[in-house]
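S.K.: Sharing a structure, written as C-alpha cells. Questions coming.
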Amino acid sequence: MAVATQSLSISADRTAHGFAKGHSVPVKAASVLFGFAFIWAGAGIWLVPGMGLEPSVLLTKMFLSVMMVTAGVGMTQIATEKPRSELHFDASHRQVHLVESLPRGRSHVVKSLNYEDIARVSVTDSELVMLNDQSKILVELPLDGAHARLDAIAQLRSQSLYAA
C-alpha cells in the first residue's frame with residue numbers, strides 16, 4: 001500500500017511520557033551481559049548444594065531465583081529497539097496515517113484518520129496532539145525539540161491542518 005507522498009518522521013521511543021531517547025551502545029552491551037548473567041545465576045542457584053531440603057531454604061532459593069531471572073530479563077530488554085512512530089499525510093485521500101516502524105525494516109499502519117475528523121492540532125516542543133470535536137485525543141506523538149516542532153508545523157500547514 002503506497003501510503004503517502006509526504007511524511008513527518010518522529011523518532012522517539014514510546015516507553016515513558018518523557019519520551020527519552022535510546023541508550024548508548026556500551027549501556028546496551030553491559031545490560032545484555034549482566035542480564036544474561038542474572039538469568040544464569042537465577043537458574044544456577046538450584047545447582048548449589050543446600051543445607052537440606054528444608055522449606056525455608058527452598059523458599060529462599062525460589063524467591064532469589066525468581067527475582068534474579070526477572071531482573072535479568074528486564075536488563076536484556078534495555079537493549080531491544082523500541083518502535084518509532086511516523087505520521088504519513090495522504091493528500092489525495094485526505095487522510096493521516098500513524099505508522100509504526102518495527103525492527104528489521106518492517107512497519108504497519110496503527111491508525112488512519114480522515115482530515116475531517118481532526119478538529120484541532122496542538123504542537124509543542126515535546127509532543128504533537130490531534131483532537132476531535134469532543135476534545136478527545138486522536139493521536140499523541142512525541143517530538144524531539146524545537147526543530148522537530150517547526151518541521152511538524154510546516155507539514156501540518158501544507159496540508160491545511162494547522163492554523164496559527
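If you're wondering about the labels, chains in the C-alpha cells are A, B, ... by order shown, residues count from 1 in each chain, ligands from 1 in order shown.
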If you count only C-alpha atoms, which residues fall within 7 Å of Ser101 (chain A), apart from same-chain ones fewer than 2 positions away, as a compact mmCIF listing (two decimals) with all heavy atoms, in the first residue's frame?
M.R.:
# COMPACT_ATOMS: atom_id res chain seq x y z
N PRO A 83 9.86 0.67 19.00
CA PRO A 83 9.24 1.09 17.74
C PRO A 83 9.22 2.61 17.60
O PRO A 83 9.08 3.33 18.58
CB PRO A 83 7.82 0.54 17.82
CG PRO A 83 7.59 0.23 19.24
CD PRO A 83 8.93 0.00 19.88
N ARG A 84 9.40 3.08 16.37
CA ARG A 84 9.32 4.51 16.06
C ARG A 84 7.98 4.80 15.43
O ARG A 84 7.44 3.98 14.69
CB ARG A 84 10.42 4.88 15.06
CG ARG A 84 11.76 5.04 15.67
CD ARG A 84 12.77 5.61 14.69
NE ARG A 84 12.13 6.31 13.60
CZ ARG A 84 12.59 6.34 12.36
NH1 ARG A 84 13.66 5.69 12.04
NH2 ARG A 84 11.96 7.00 11.42
N SER A 85 7.46 5.97 15.70
CA SER A 85 6.18 6.38 15.13
C SER A 85 6.40 7.45 14.09
O SER A 85 7.26 8.31 14.25
CB SER A 85 5.27 6.92 16.22
OG SER A 85 5.00 5.93 17.17
N VAL A 99 1.98 5.44 11.41
CA VAL A 99 2.73 4.25 11.02
C VAL A 99 3.77 3.97 12.08
O VAL A 99 4.48 4.87 12.52
CB VAL A 99 3.41 4.46 9.64
CG1 VAL A 99 4.23 3.25 9.25
CG2 VAL A 99 2.38 4.78 8.59
N PRO A 103 11.59 -3.18 14.15
CA PRO A 103 12.94 -3.61 13.77
C PRO A 103 12.93 -4.44 12.49
O PRO A 103 11.92 -5.01 12.10
CB PRO A 103 13.39 -4.46 14.96
CG PRO A 103 12.54 -4.03 16.10
CD PRO A 103 11.25 -3.57 15.51
N ARG A 106 10.47 -3.57 9.08
CA ARG A 106 9.03 -3.78 8.98
C ARG A 106 8.30 -2.55 9.50
O ARG A 106 8.79 -1.82 10.34
CB ARG A 106 8.62 -5.00 9.79
CG ARG A 106 9.22 -6.29 9.29
CD ARG A 106 8.84 -7.46 10.15
NE ARG A 106 9.37 -7.25 11.50
CZ ARG A 106 8.79 -7.68 12.61
NH1 ARG A 106 7.67 -8.35 12.55
NH2 ARG A 106 9.34 -7.46 13.79
N SER A 107 7.09 -2.33 9.01
CA SER A 107 6.25 -1.24 9.51
C SER A 107 4.79 -1.63 9.28
O SER A 107 4.47 -2.45 8.43
CB SER A 107 6.58 0.08 8.82
OG SER A 107 6.27 0.01 7.45
N HIS A 108 3.92 -1.00 10.07
CA HIS A 108 2.49 -1.22 9.87
C HIS A 108 1.72 0.02 10.28
O HIS A 108 2.17 0.81 11.10
CB HIS A 108 2.01 -2.47 10.63
CG HIS A 108 1.98 -2.31 12.12
ND1 HIS A 108 3.10 -2.41 12.90
CD2 HIS A 108 0.96 -2.06 12.97
CE1 HIS A 108 2.78 -2.23 14.16
NE2 HIS A 108 1.48 -2.01 14.24
S.K.: Among chain A, which residues carry a DSSP assignment of alpha helix (DSSP H), reported as a ChimeraX atom specification?
M.R.: /A:25-44,55-77,146-158
S.K.: Would you list the contacts of Ala152 (chain A) as number ranges by chain, taking every protein, DNA or RNA residue within 12 Å and counting only C-alpha atoms, but skipping same-chain residues closer than 5 positions in sequence?
M.R.: A: 6-10, 86-89, 121-129, 141-147, 157-159, 161-162
S.K.: Would you export the selected residues with C-alpha atoms as a PDB file, in the first residue's frame, please?
M.R.:
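In the end it all went to part.pdb:
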ATOM      1  CA  GLN A   6       4.817  13.387   2.301  1.00  0.00           C
ATOM      2  CA  SER A   7       5.717  12.147   5.749  1.00  0.00           C
ATOM      3  CA  LEU A   8       6.634  13.571   9.115  1.00  0.00           C
ATOM      4  CA  SER A   9       9.096  11.346  10.921  1.00  0.00           C
ATOM      5  CA  ILE A  10       9.044  11.444  14.687  1.00  0.00           C
ATOM      6  CA  GLU A  86       5.655   8.400  11.993  1.00  0.00           C
ATOM      7  CA  LEU A  87       2.801  10.403  10.547  1.00  0.00           C
ATOM      8  CA  HIS A  88       2.158   9.973   6.842  1.00  0.00           C
ATOM      9  CA  PHE A  89      -0.077  12.521   5.116  1.00  0.00           C
ATOM     10  CA  VAL A 121      -3.923  20.203  16.395  1.00  0.00           C
ATOM     11  CA  SER A 122      -1.681  21.207  19.283  1.00  0.00           C
ATOM     12  CA  VAL A 123       2.096  21.238  18.750  1.00  0.00           C
ATOM     13  CA  THR A 124       4.683  21.839  21.485  1.00  0.00           C
ATOM     14  CA  ASP A 125       8.424  21.176  21.653  1.00  0.00           C
ATOM     15  CA  SER A 126       7.757  17.787  23.230  1.00  0.00           C
ATOM     16  CA  GLU A 127       4.592  16.455  21.565  1.00  0.00           C
ATOM     17  CA  LEU A 128       2.028  16.711  18.779  1.00  0.00           C
ATOM     18  CA  VAL A 129      -1.614  16.118  19.694  1.00  0.00           C
ATOM     19  CA  LEU A 141       3.175  11.670  19.320  1.00  0.00           C
ATOM     20  CA  PRO A 142       6.481  12.748  20.839  1.00  0.00           C
ATOM     21  CA  LEU A 143       8.648  15.423  19.212  1.00  0.00           C
ATOM     22  CA  ASP A 144      12.380  15.816  19.690  1.00  0.00           C
ATOM     23  CA  GLY A 145      12.657  19.551  20.333  1.00  0.00           C
ATOM     24  CA  ALA A 146      12.100  22.873  18.624  1.00  0.00           C
ATOM     25  CA  HIS A 147      13.363  21.842  15.177  1.00  0.00           C
ATOM     26  CA  ARG A 157       0.227  23.847   7.369  1.00  0.00           C
ATOM     27  CA  SER A 158       0.973  22.371   3.940  1.00  0.00           C
ATOM     28  CA  GLN A 159      -1.973  20.024   4.469  1.00  0.00           C
ATOM     29  CA  LEU A 161      -4.490  21.096   9.229  1.00  0.00           C
ATOM     30  CA  TYR A 162      -2.797  23.709  11.407  1.00  0.00           C
TER      31      TYR A 162
END
S.K.: Write out as a PyMOL selection string each polymer residue whose atoms come within 9 Å of region 24-27 of chain A, counting only C-alpha atoms; drop sequence neighbours fewer than 5 positions from it.
M.R.: chain A and resi 32+78-79
S.K.: Those residues you just picked out, can you put them in a file as a PDB file, in the first residue's frame with C-alpha atoms?
M.R.:
ATOM      1  CA  VAL A  32      22.792  -7.700  27.854  1.00  0.00           C
ATOM      2  CA  ILE A  78      17.086  -2.335  27.673  1.00  0.00           C
ATOM      3  CA  ALA A  79      18.974  -3.370  24.546  1.00  0.00           C
TER       4      ALA A  79
END
S.K.: With only C-alpha atoms as the atoms that count, which of A:Val139, A:Val57, A:Val48, A:Leu150 lies nearest to Val96 (chain A)?
M.R.: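 Of all the options, A:Val139 lies closest to Val96 (chain A).
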S.K.: Please provide the set of residues having any atom within 12 Å of Gly35 (chain A), restricted to only C-alpha atoms, with same-chain residues fewer than 4 positions apart removed, written as a PDB file with N, CA, C and O atoms, in the first residue's frame.
M.R.:
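The resulting file, around-v6.pdb, is shown below:
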ATOM      1  N   VAL A  27      26.049   0.906  27.081  1.00  0.00           N
ATOM      2  CA  VAL A  27      24.995   0.610  28.063  1.00  0.00           C
ATOM      3  C   VAL A  27      24.194  -0.605  27.610  1.00  0.00           C
ATOM      4  O   VAL A  27      23.862  -1.478  28.415  1.00  0.00           O
ATOM      5  N   LYS A  28      23.894  -0.684  26.309  1.00  0.00           N
ATOM      6  CA  LYS A  28      23.170  -1.844  25.789  1.00  0.00           C
ATOM      7  C   LYS A  28      23.981  -3.120  25.958  1.00  0.00           C
ATOM      8  O   LYS A  28      23.447  -4.158  26.366  1.00  0.00           O
ATOM      9  N   ALA A  29      25.280  -3.053  25.646  1.00  0.00           N
ATOM     10  CA  ALA A  29      26.130  -4.239  25.774  1.00  0.00           C
ATOM     11  C   ALA A  29      26.232  -4.690  27.232  1.00  0.00           C
ATOM     12  O   ALA A  29      26.138  -5.888  27.528  1.00  0.00           O
ATOM     13  N   ALA A  30      26.408  -3.728  28.132  1.00  0.00           N
ATOM     14  CA  ALA A  30      26.500  -4.074  29.558  1.00  0.00           C
ATOM     15  C   ALA A  30      25.183  -4.647  30.066  1.00  0.00           C
ATOM     16  O   ALA A  30      25.181  -5.593  30.858  1.00  0.00           O
ATOM     17  N   SER A  31      24.075  -4.091  29.606  1.00  0.00           N
ATOM     18  CA  SER A  31      22.782  -4.603  30.077  1.00  0.00           C
ATOM     19  C   SER A  31      22.530  -6.022  29.578  1.00  0.00           C
ATOM     20  O   SER A  31      21.977  -6.847  30.312  1.00  0.00           O
ATOM     21  N   ILE A  39      20.217 -14.091  34.649  1.00  0.00           N
ATOM     22  CA  ILE A  39      19.358 -15.219  34.284  1.00  0.00           C
ATOM     23  C   ILE A  39      20.057 -16.539  34.609  1.00  0.00           C
ATOM     24  O   ILE A  39      19.464 -17.445  35.209  1.00  0.00           O
ATOM     25  N   TRP A  40      21.330 -16.661  34.239  1.00  0.00           N
ATOM     26  CA  TRP A  40      22.080 -17.886  34.532  1.00  0.00           C
ATOM     27  C   TRP A  40      22.260 -18.073  36.036  1.00  0.00           C
ATOM     28  O   TRP A  40      22.211 -19.205  36.533  1.00  0.00           O
ATOM     29  N   ALA A  41      22.489 -16.989  36.748  1.00  0.00           N
ATOM     30  CA  ALA A  41      22.648 -17.103  38.203  1.00  0.00           C
ATOM     31  C   ALA A  41      21.336 -17.539  38.852  1.00  0.00           C
ATOM     32  O   ALA A  41      21.344 -18.323  39.812  1.00  0.00           O
ATOM     33  N   GLY A  42      20.225 -17.035  38.352  1.00  0.00           N
ATOM     34  CA  GLY A  42      18.925 -17.438  38.887  1.00  0.00           C
ATOM     35  C   GLY A  42      18.644 -18.909  38.659  1.00  0.00           C
ATOM     36  O   GLY A  42      18.042 -19.580  39.505  1.00  0.00           O
ATOM     37  N   MET A  67      13.548 -13.556  41.465  1.00  0.00           N
ATOM     38  CA  MET A  67      13.993 -12.155  41.415  1.00  0.00           C
ATOM     39  C   MET A  67      15.152 -11.975  40.439  1.00  0.00           C
ATOM     40  O   MET A  67      15.193 -11.007  39.681  1.00  0.00           O
ATOM     41  N   MET A  68      16.100 -12.893  40.427  1.00  0.00           N
ATOM     42  CA  MET A  68      17.261 -12.774  39.541  1.00  0.00           C
ATOM     43  C   MET A  68      16.869 -12.956  38.077  1.00  0.00           C
ATOM     44  O   MET A  68      17.342 -12.220  37.210  1.00  0.00           O
ATOM     45  N   VAL A  69      16.010 -13.905  37.787  1.00  0.00           N
ATOM     46  CA  VAL A  69      15.567 -14.101  36.405  1.00  0.00           C
ATOM     47  C   VAL A  69      14.744 -12.906  35.931  1.00  0.00           C
ATOM     48  O   VAL A  69      14.907 -12.430  34.807  1.00  0.00           O
ATOM     49  N   THR A  70      13.892 -12.380  36.783  1.00  0.00           N
ATOM     50  CA  THR A  70      13.106 -11.192  36.421  1.00  0.00           C
ATOM     51  C   THR A  70      14.009  -9.992  36.160  1.00  0.00           C
ATOM     52  O   THR A  70      13.819  -9.259  35.181  1.00  0.00           O
ATOM     53  N   ALA A  71      14.986  -9.782  37.016  1.00  0.00           N
ATOM     54  CA  ALA A  71      15.933  -8.680  36.818  1.00  0.00           C
ATOM     55  C   ALA A  71      16.737  -8.888  35.540  1.00  0.00           C
ATOM     56  O   ALA A  71      16.985  -7.934  34.789  1.00  0.00           O
ATOM     57  N   GLY A  72      17.129 -10.118  35.257  1.00  0.00           N
ATOM     58  CA  GLY A  72      17.887 -10.402  34.044  1.00  0.00           C
ATOM     59  C   GLY A  72      17.096 -10.135  32.781  1.00  0.00           C
ATOM     60  O   GLY A  72      17.606  -9.541  31.827  1.00  0.00           O
ATOM     61  N   VAL A  73      15.854 -10.564  32.764  1.00  0.00           N
ATOM     62  CA  VAL A  73      15.002 -10.297  31.597  1.00  0.00           C
ATOM     63  C   VAL A  73      14.782  -8.795  31.432  1.00  0.00           C
ATOM     64  O   VAL A  73      14.824  -8.265  30.324  1.00  0.00           O
ATOM     65  N   GLY A  74      14.570  -8.108  32.534  1.00  0.00           N
ATOM     66  CA  GLY A  74      14.410  -6.651  32.462  1.00  0.00           C
ATOM     67  C   GLY A  74      15.643  -5.955  31.928  1.00  0.00           C
ATOM     68  O   GLY A  74      15.557  -5.022  31.127  1.00  0.00           O
ATOM     69  N   MET A  75      16.806  -6.413  32.327  1.00  0.00           N
ATOM     70  CA  MET A  75      18.043  -5.799  31.847  1.00  0.00           C
ATOM     71  C   MET A  75      18.276  -6.081  30.367  1.00  0.00           C
ATOM     72  O   MET A  75      18.771  -5.216  29.645  1.00  0.00           O
ATOM     73  N   THR A  76      17.923  -7.268  29.904  1.00  0.00           N
ATOM     74  CA  THR A  76      18.105  -7.548  28.482  1.00  0.00           C
ATOM     75  C   THR A  76      17.131  -6.743  27.622  1.00  0.00           C
ATOM     76  O   THR A  76      17.412  -6.489  26.451  1.00  0.00           O
ATOM     77  N   GLN A  77      16.005  -6.338  28.180  1.00  0.00           N
ATOM     78  CA  GLN A  77      15.040  -5.541  27.420  1.00  0.00           C
ATOM     79  C   GLN A  77      15.534  -4.125  27.156  1.00  0.00           C
ATOM     80  O   GLN A  77      15.021  -3.443  26.271  1.00  0.00           O
ATOM     81  N   ILE A  78      16.518  -3.663  27.901  1.00  0.00           N
ATOM     82  CA  ILE A  78      17.086  -2.335  27.673  1.00  0.00           C
ATOM     83  C   ILE A  78      17.696  -2.260  26.282  1.00  0.00           C
ATOM     84  O   ILE A  78      17.647  -1.230  25.616  1.00  0.00           O
ATOM     85  N   ALA A  79      18.264  -3.357  25.824  1.00  0.00           N
ATOM     86  CA  ALA A  79      18.974  -3.370  24.546  1.00  0.00           C
ATOM     87  C   ALA A  79      18.061  -3.528  23.336  1.00  0.00           C
ATOM     88  O   ALA A  79      18.524  -3.396  22.209  1.00  0.00           O
TER      89      ALA A  79
END
S.K.: Report as an mmCIF file with N, CA, C and O atoms, in the first residue's frame all protein, DNA and RNA residues lying within 10 Å of Ser135 (chain A), evaluated on only C-alpha atoms, omitting residues in the same chain fewer than 4 positions from it.
M.R.:
data_model
loop_
_atom_site.group_PDB
_atom_site.id
_atom_site.type_symbol
_atom_site.label_atom_id
_atom_site.label_comp_id
_atom_site.auth_asym_id
_atom_site.auth_seq_id
_atom_site.Cartn_x
_atom_site.Cartn_y
_atom_site.Cartn_z
ATOM 1 N N ILE A 118 -10.316 15.565 12.272
ATOM 2 C CA ILE A 118 -9.365 16.326 13.088
ATOM 3 C C ILE A 118 -9.906 17.743 13.258
ATOM 4 O O ILE A 118 -10.021 18.496 12.299
ATOM 5 N N ALA A 119 -10.261 18.101 14.489
ATOM 6 C CA ALA A 119 -10.799 19.432 14.761
ATOM 7 C C ALA A 119 -9.703 20.418 15.151
ATOM 8 O O ALA A 119 -9.760 21.589 14.789
ATOM 9 N N ARG A 120 -8.711 19.941 15.897
ATOM 10 C CA ARG A 120 -7.672 20.837 16.396
ATOM 11 C C ARG A 120 -6.365 20.075 16.517
ATOM 12 O O ARG A 120 -6.335 18.897 16.843
ATOM 13 N N MET A 130 -3.428 15.557 18.188
ATOM 14 C CA MET A 130 -4.569 15.818 17.312
ATOM 15 C C MET A 130 -5.830 15.481 18.081
ATOM 16 O O MET A 130 -5.945 14.399 18.662
ATOM 17 N N LEU A 131 -6.798 16.422 18.073
ATOM 18 C CA LEU A 131 -8.040 16.273 18.831
ATOM 19 C C LEU A 131 -9.236 16.284 17.886
ATOM 20 O O LEU A 131 -9.200 16.915 16.831
#
